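Structure data (compact mmCIF, C-alpha atoms and all ligand atoms) from protein_5.txt:
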# COMPACT_ATOMS: atom_id res chain seq x y z
CA MET A 15 65.17 -48.84 120.12
CA VAL A 16 62.39 -46.93 118.31
CA ASP A 17 62.20 -43.19 119.03
CA SER A 18 59.36 -42.02 121.24
CA GLN A 19 56.13 -41.63 119.30
CA THR A 20 52.83 -40.02 120.23
CA VAL A 21 49.32 -41.38 119.72
CA LEU A 22 46.76 -38.60 119.98
CA ILE A 23 43.25 -39.80 120.72
CA LEU A 24 40.56 -37.20 120.07
CA GLY A 25 37.48 -37.93 122.20
CA GLY A 26 37.28 -39.51 125.64
CA GLY A 27 34.02 -41.39 125.23
CA VAL A 28 33.68 -45.17 125.14
CA GLY A 29 35.79 -45.53 121.99
CA GLY A 30 38.53 -43.13 123.09
CA VAL A 31 38.94 -44.51 126.61
CA ALA A 32 38.94 -48.13 125.43
CA THR A 33 41.52 -47.30 122.75
CA ALA A 34 43.74 -45.36 125.15
CA ARG A 35 43.74 -48.16 127.72
CA ALA A 36 44.39 -50.88 125.14
CA LEU A 37 47.26 -48.95 123.53
CA ARG A 38 48.80 -48.06 126.86
CA LYS A 39 48.94 -51.76 127.76
CA ARG A 40 50.51 -52.74 124.48
CA LEU A 41 52.92 -49.88 123.79
CA GLN A 42 56.32 -49.56 125.35
CA ARG A 43 56.65 -46.81 127.95
CA GLN A 44 58.70 -44.44 125.80
CA HIS A 45 55.62 -43.89 123.60
CA ARG A 46 53.03 -41.35 124.67
CA VAL A 47 49.29 -41.87 124.66
CA VAL A 48 47.44 -38.54 124.83
CA LEU A 49 43.65 -38.36 125.13
CA VAL A 50 41.64 -35.15 124.62
CA ASP A 51 38.04 -34.39 125.54
CA ARG A 52 36.10 -31.19 126.19
CA GLU A 53 34.47 -32.71 129.28
CA PRO A 54 36.52 -33.49 132.39
CA ASP A 55 34.33 -36.49 133.21
CA HIS A 56 33.53 -39.63 131.26
CA GLY A 57 29.87 -40.65 131.54
CA PHE A 58 28.90 -44.21 130.66
CA ALA A 59 26.05 -43.63 128.19
CA PRO A 60 24.28 -47.02 128.52
CA SER A 61 23.67 -46.26 132.21
CA LEU A 62 21.76 -43.07 131.36
CA LEU A 63 18.74 -45.36 131.09
CA TRP A 64 19.08 -46.26 134.76
CA LEU A 65 19.66 -42.61 135.69
CA MET A 66 16.42 -41.79 133.92
CA VAL A 67 14.39 -44.06 136.22
CA GLY A 68 16.29 -43.33 139.42
CA GLN A 69 18.19 -46.63 139.55
CA ARG A 70 21.59 -44.89 139.46
CA THR A 71 22.94 -41.50 140.48
CA ALA A 72 24.95 -39.37 138.07
CA ASP A 73 28.07 -39.88 140.21
CA ALA A 74 27.76 -43.65 139.93
CA ILE A 75 27.94 -43.59 136.14
CA THR A 76 30.66 -40.95 135.81
CA ARG A 77 34.43 -41.03 136.29
CA PRO A 78 36.99 -38.22 136.00
CA LEU A 79 39.08 -38.68 132.86
CA ALA A 80 42.07 -37.42 134.87
CA ARG A 81 42.18 -40.82 136.57
CA LEU A 82 43.63 -42.25 133.38
CA ALA A 83 46.87 -40.48 134.31
CA ARG A 84 47.43 -43.30 136.84
CA LYS A 85 47.65 -45.68 133.89
CA GLY A 86 50.21 -43.49 132.13
CA ILE A 87 47.75 -41.78 129.78
CA ASP A 88 48.21 -38.03 129.32
CA VAL A 89 44.74 -36.40 129.53
CA ARG A 90 44.04 -32.93 128.11
CA ILE A 91 40.70 -31.20 128.66
CA GLY A 92 39.64 -28.71 126.00
CA ASN A 93 37.53 -28.20 122.93
CA ILE A 94 38.99 -29.68 119.74
CA GLU A 95 38.65 -26.85 117.28
CA HIS A 96 40.48 -28.15 114.24
CA ILE A 97 41.98 -31.40 112.99
CA ASP A 98 44.62 -31.56 110.28
CA PRO A 99 44.75 -35.23 109.25
CA VAL A 100 47.59 -34.66 106.76
CA ARG A 101 49.95 -33.04 109.27
CA ARG A 102 48.44 -35.12 112.09
CA THR A 103 47.77 -32.21 114.38
CA ALA A 104 44.79 -31.01 116.37
CA THR A 105 44.05 -27.57 117.75
CA VAL A 106 42.74 -27.80 121.30
CA ALA A 107 41.59 -24.60 123.01
CA GLY A 108 43.94 -22.60 120.78
CA ALA A 109 47.00 -24.83 121.29
CA GLN A 110 48.32 -27.18 118.64
CA LEU A 111 49.01 -30.81 119.54
CA ALA A 112 51.12 -32.90 117.21
CA ALA A 113 50.97 -36.66 116.81
CA ASP A 114 52.58 -39.55 114.98
CA TYR A 115 49.23 -41.33 115.00
CA LEU A 116 45.77 -39.77 115.26
CA VAL A 117 42.73 -41.66 116.52
CA ILE A 118 39.42 -39.82 116.03
CA THR A 119 36.64 -40.99 118.35
CA LEU A 120 34.47 -37.91 118.59
CA GLY A 121 31.13 -39.75 118.54
CA ALA A 122 27.94 -38.23 117.20
CA ASP A 123 26.43 -34.92 118.28
CA LEU A 124 22.72 -34.54 118.91
CA SER A 125 20.91 -31.72 117.13
CA PRO A 126 17.50 -31.26 118.75
CA GLU A 127 17.37 -27.75 117.25
CA SER A 128 16.83 -29.30 113.82
CA ILE A 129 13.23 -30.13 114.84
CA PRO A 130 11.40 -26.94 115.79
CA GLY A 131 10.29 -26.91 119.41
CA LEU A 132 11.69 -30.31 120.30
CA ALA A 133 14.31 -29.18 122.81
CA GLU A 134 11.75 -27.09 124.70
CA ALA A 135 8.89 -29.59 124.60
CA GLY A 136 10.70 -32.81 125.43
CA HIS A 137 13.24 -34.57 127.62
CA ASN A 138 16.28 -36.12 126.01
CA PHE A 139 17.65 -39.06 127.93
CA TYR A 140 20.72 -39.35 125.69
CA THR A 141 22.47 -36.76 127.87
CA ARG A 142 23.14 -36.70 131.59
CA ARG A 143 21.20 -33.47 132.10
CA GLY A 144 18.27 -34.76 130.03
CA ALA A 145 18.14 -38.11 131.85
CA GLU A 146 18.16 -36.30 135.19
CA SER A 147 15.38 -33.92 134.18
CA LEU A 148 13.28 -36.83 132.89
CA TRP A 149 13.72 -38.63 136.19
CA THR A 150 12.56 -35.55 138.07
CA ALA A 151 9.47 -35.37 135.83
CA LEU A 152 8.68 -39.10 136.01
CA ARG A 153 8.88 -39.09 139.79
CA ASP A 154 6.01 -36.60 139.94
CA LEU A 155 3.75 -38.11 137.30
CA ARG A 156 0.69 -39.98 138.53
CA ALA A 157 -1.46 -39.89 135.39
CA GLY A 158 -1.14 -38.72 131.80
CA ARG A 159 0.36 -39.57 128.45
CA VAL A 160 4.02 -40.29 127.82
CA VAL A 161 5.35 -40.50 124.27
CA VAL A 162 8.85 -41.82 123.63
CA LEU A 163 9.95 -40.82 120.15
CA THR A 164 12.99 -41.18 117.97
CA ALA A 165 13.70 -38.04 116.01
CA ALA A 166 15.70 -39.67 113.20
CA PRO A 167 15.78 -43.12 111.56
CA ALA A 168 19.33 -43.72 112.87
CA ASP A 169 20.72 -42.62 116.20
CA LYS A 170 23.45 -43.25 118.78
CA CYS A 171 21.79 -46.34 120.18
CA PRO A 172 19.05 -48.19 118.31
CA ALA A 173 18.02 -50.15 121.40
CA ALA A 174 17.78 -47.28 123.90
CA PRO A 175 14.36 -45.83 122.92
CA TYR A 176 12.72 -49.24 123.35
CA GLU A 177 14.67 -50.05 126.49
CA GLY A 178 13.72 -46.60 127.78
CA ALA A 179 10.01 -47.12 127.11
CA MET A 180 10.06 -50.48 128.90
CA LEU A 181 11.93 -49.04 131.88
CA ILE A 182 9.36 -46.25 132.13
CA ASP A 183 6.64 -48.90 131.97
CA GLY A 184 8.39 -50.79 134.78
CA TRP A 185 8.65 -47.67 136.91
CA PHE A 186 4.91 -46.98 136.73
CA ARG A 187 4.02 -50.63 137.32
CA LYS A 188 6.23 -50.79 140.38
CA TYR A 189 4.28 -48.01 142.05
CA GLY A 190 0.87 -49.03 140.77
CA TRP A 191 0.23 -46.01 138.50
CA ARG A 192 0.60 -47.73 135.15
CA ASP A 193 -3.17 -47.91 134.52
CA ALA A 194 -3.40 -44.12 134.70
CA VAL A 195 -0.53 -43.54 132.27
CA THR A 196 -0.70 -44.01 128.51
CA LEU A 197 2.73 -44.89 127.17
CA GLU A 198 3.48 -45.02 123.43
CA VAL A 199 6.50 -45.18 121.13
CA TYR A 200 6.62 -43.21 117.89
CA ALA A 201 9.65 -44.16 115.80
CA ALA A 202 11.17 -42.54 112.74
CA GLU A 203 12.61 -45.92 111.73
CA PRO A 204 10.50 -48.59 109.98
CA ALA A 205 11.08 -51.20 112.71
CA PRO A 206 12.89 -51.44 116.03
CA MET A 207 16.60 -52.28 115.98
CA GLY A 208 16.67 -52.95 112.26
CA VAL A 209 20.48 -53.32 112.44
CA ALA A 210 19.97 -56.57 114.36
CA GLY A 211 17.69 -58.09 111.73
CA PRO A 212 13.98 -58.93 111.42
CA HIS A 213 13.89 -61.51 114.25
CA VAL A 214 15.10 -58.99 116.79
CA SER A 215 12.71 -56.33 115.40
CA SER A 216 9.82 -58.69 115.79
CA ALA A 217 10.89 -59.74 119.32
CA VAL A 218 11.09 -56.09 120.42
CA MET A 219 7.63 -55.39 118.95
CA GLN A 220 6.22 -58.37 120.83
CA LEU A 221 7.79 -57.15 124.07
CA LEU A 222 6.30 -53.70 123.61
CA ALA A 223 2.89 -55.19 122.88
CA SER A 224 3.11 -57.47 125.92
CA LYS A 225 3.61 -54.40 128.10
CA GLY A 226 0.71 -52.50 126.55
CA ILE A 227 2.95 -49.98 124.76
CA PRO A 228 1.51 -49.12 121.32
CA TYR A 229 4.23 -48.83 118.68
CA HIS A 230 4.01 -46.48 115.69
CA PRO A 231 6.96 -47.00 113.31
CA GLY A 232 7.69 -44.80 110.30
CA HIS A 233 6.64 -41.59 112.06
CA GLN A 234 9.11 -38.76 111.62
CA VAL A 235 8.51 -35.90 114.03
CA THR A 236 8.59 -32.57 112.23
CA ALA A 237 7.75 -30.18 115.06
CA ALA A 238 6.92 -30.26 118.76
CA ARG A 239 5.29 -27.79 121.05
CA CYS A 240 4.35 -27.46 124.69
CA ARG A 241 0.64 -27.39 125.34
CA PRO A 242 -0.54 -23.94 126.42
CA GLY A 243 0.01 -23.58 130.15
CA ALA A 244 2.01 -26.80 130.40
CA VAL A 245 5.12 -26.67 132.53
CA ARG A 246 8.19 -28.71 131.74
CA SER A 247 7.02 -31.70 133.68
CA LEU A 248 4.91 -34.68 132.82
CA ARG A 249 1.86 -33.76 134.85
CA ARG A 250 -0.06 -33.16 131.63
CA PRO A 251 0.12 -35.09 128.38
CA ARG A 252 3.54 -34.24 127.02
CA ARG A 253 5.92 -35.24 124.33
CA LEU A 254 9.16 -36.99 125.09
CA LEU A 255 12.26 -37.04 122.98
CA HIS A 256 14.55 -39.99 123.52
C1 LIG A 301 21.08 -43.82 126.34
C2 LIG A 301 22.12 -44.63 125.61
C3 LIG A 301 22.20 -46.00 125.81
C4 LIG A 301 23.14 -46.76 125.13
N1 LIG A 301 23.20 -48.11 125.36
C5 LIG A 301 24.14 -48.85 124.72
C6 LIG A 301 24.29 -50.24 124.99
O1 LIG A 301 23.57 -50.81 125.81
N2 LIG A 301 25.23 -50.93 124.30
C7 LIG A 301 26.05 -50.32 123.37
O2 LIG A 301 26.90 -50.99 122.77
N3 LIG A 301 25.94 -49.00 123.11
C8 LIG A 301 25.03 -48.25 123.76
N4 LIG A 301 24.93 -46.92 123.50
C9 LIG A 301 25.74 -46.35 122.44
C10 LIG A 301 27.15 -46.03 122.93
O3 LIG A 301 27.09 -45.24 124.09
C11 LIG A 301 27.86 -45.30 121.80
O4 LIG A 301 27.90 -46.14 120.67
C12 LIG A 301 29.28 -44.97 122.21
O5 LIG A 301 29.25 -44.07 123.29
C13 LIG A 301 30.03 -44.36 121.04
O6 LIG A 301 31.35 -44.17 121.48
P1 LIG A 301 32.25 -43.05 120.85
O7 LIG A 301 33.55 -43.09 121.62
O8 LIG A 301 32.31 -43.22 119.37
O9 LIG A 301 31.49 -41.67 121.13
P2 LIG A 301 31.08 -41.02 122.49
O10 LIG A 301 31.00 -42.02 123.59
O11 LIG A 301 29.90 -40.17 122.19
O12 LIG A 301 32.32 -40.08 122.83
C14 LIG A 301 32.65 -38.96 122.06
C15 LIG A 301 33.47 -38.03 122.94
O13 LIG A 301 34.01 -36.99 122.15
C16 LIG A 301 33.91 -35.78 122.87
N5 LIG A 301 33.89 -34.68 121.91
C17 LIG A 301 33.06 -34.54 120.85
N6 LIG A 301 33.35 -33.42 120.17
C18 LIG A 301 34.41 -32.84 120.83
C19 LIG A 301 35.17 -31.66 120.60
N7 LIG A 301 34.96 -30.84 119.56
N8 LIG A 301 36.19 -31.37 121.46
C20 LIG A 301 36.45 -32.21 122.53
N9 LIG A 301 35.76 -33.33 122.77
C21 LIG A 301 34.76 -33.65 121.93
C22 LIG A 301 32.63 -35.89 123.66
O14 LIG A 301 32.65 -35.04 124.82
C23 LIG A 301 32.63 -37.37 124.03
O15 LIG A 301 33.20 -37.61 125.31
C24 LIG A 301 24.02 -46.12 124.20
C25 LIG A 301 23.94 -44.73 124.00
C26 LIG A 301 23.01 -44.00 124.69
C27 LIG A 301 22.97 -42.50 124.49

Represent the structure from my file as structure tokens, please.
Amino acid sequence: MVDSQTVLILGGGVGGVATARALRKRLQRQHRVVLVDREPDHGFAPSLLWLMVGQRTADAITRPLARLARKGIDVRIGNIEHIDPVRRTATVAGAQLAADYLVITLGADLSPESIPGLAEAGHNFYTRRGAESLWTALRDLRAGRVVVLTAAPADKCPAAPYEGAMLIDGWFRKYGWRDAVTLEVYAAEPAPMGVAGPHVSSAVMQLLASKGIPYHPGHQVTAARCRPGAVRSLRRPRRLLH
């Protein structure tokens, strides 16, 4: 019988949770599967788009990571401060965790601060808090200008800005306010969803056009600002960050 070994999975997002569950099923019980995340809850990012237009609540798209304990996965909550890939250790909230195998699934961090003014001027629906604040703003908007923009040519989800724009379009159509709202997409990338090839790019552009959403590719935002007197809602023409 092989001695007990430990797999340490750093990050409890989609990649980390899927890996932990798959390994737990395949590994014999004497082996440990340990998963670490700084957040106690796992939020399912693709559903942020529904949260943003009020089609889901935050609770419906979130599960406590601690539930994985039922499956025999050891969950630790804490900030990962250091990783030593040679010694296969990680420092979590000051404590060192050792592993026989390390899996690093820490995802990508957003850095809105790299564009001056962006965090203050826009809503970011790539986070739970941002999706919720956008929903609050959209609910109140009856007329104005909404700009969905991508702040970098590559991001966590190449489809989400376009999906987001079309969901916003759908929300205004449903309540009959679409004619009073100008909705546009400014993209840092040269075409939508380039990773999926030119046919998909062209299909997405046609969809946007069919919904009356002007598309401006190749536009890199360099700065954003709130209009004087504007509050952080969409009652006046505002900028949106996806
Ligand atoms: C709005 C939106 C819609 C999307 N739609 C789709 C879709 O329809 N289809 C699709 O395939 N993909 C979609 N994606 C992309 C998908 O969500 C990501 O590709 C996926 O989440 C990446 O998984 P990951 O495990 O690598 O990273 P993440 O899911 O980001 O997980 C990383 C985890 O690491 C944790 N972490 C990071 N740093 C530390 C630290 N120092 N200490 C402790 N913990 C840390 C974070 O808290 C997080 O839980 C979407 C993304 C967004 C934002």

(message) Report as a PyMOL selection string all protein, DNA and RNA residues lying within 10 Å of A:Leu132, evaluated on all atoms listed in the file, omitting residues in the same chain fewer than 3 positions from it.
(response) chain A and resi 125-129+135-138+165+235-240+253-255

(request) Find the distance between atom O10 of ligand LIG 301 (chain A) and atom CA of A:Glu203 and write it in Å to one decimal. (result) 22.2 Å

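With atom C26 of ligand LIG 301 (chain A) on one side and atom CA of A:Thr164 on the other, the separation reads 12.4 Å.
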
(request) Can you tell me which residues come within 6 Å of ligand LIG 301 (chain A) when counting all atoms listed in the file, ideally as a VMD selection string? (result) chain A and resid 25 to 30 51 to 53 59 to 60 62 to 63 92 to 95 119 to 122 140 170 to 171 174

(request) May I ask which of the residues A:Val214, A:Ala113, A:Ala157, A:Val31 is the closest one to A:Pro78, counting only C-alpha atoms? (result) A:Val31

(request) Do a neighbour search on A:Arg142 at 10 Å with all atoms listed in the file, toss out local chain neighbours closer than 5 positions, and write the hits as a PyMOL selection string. (result) chain A and resi 57-59+61-63+65-66+72+75-76+147-148
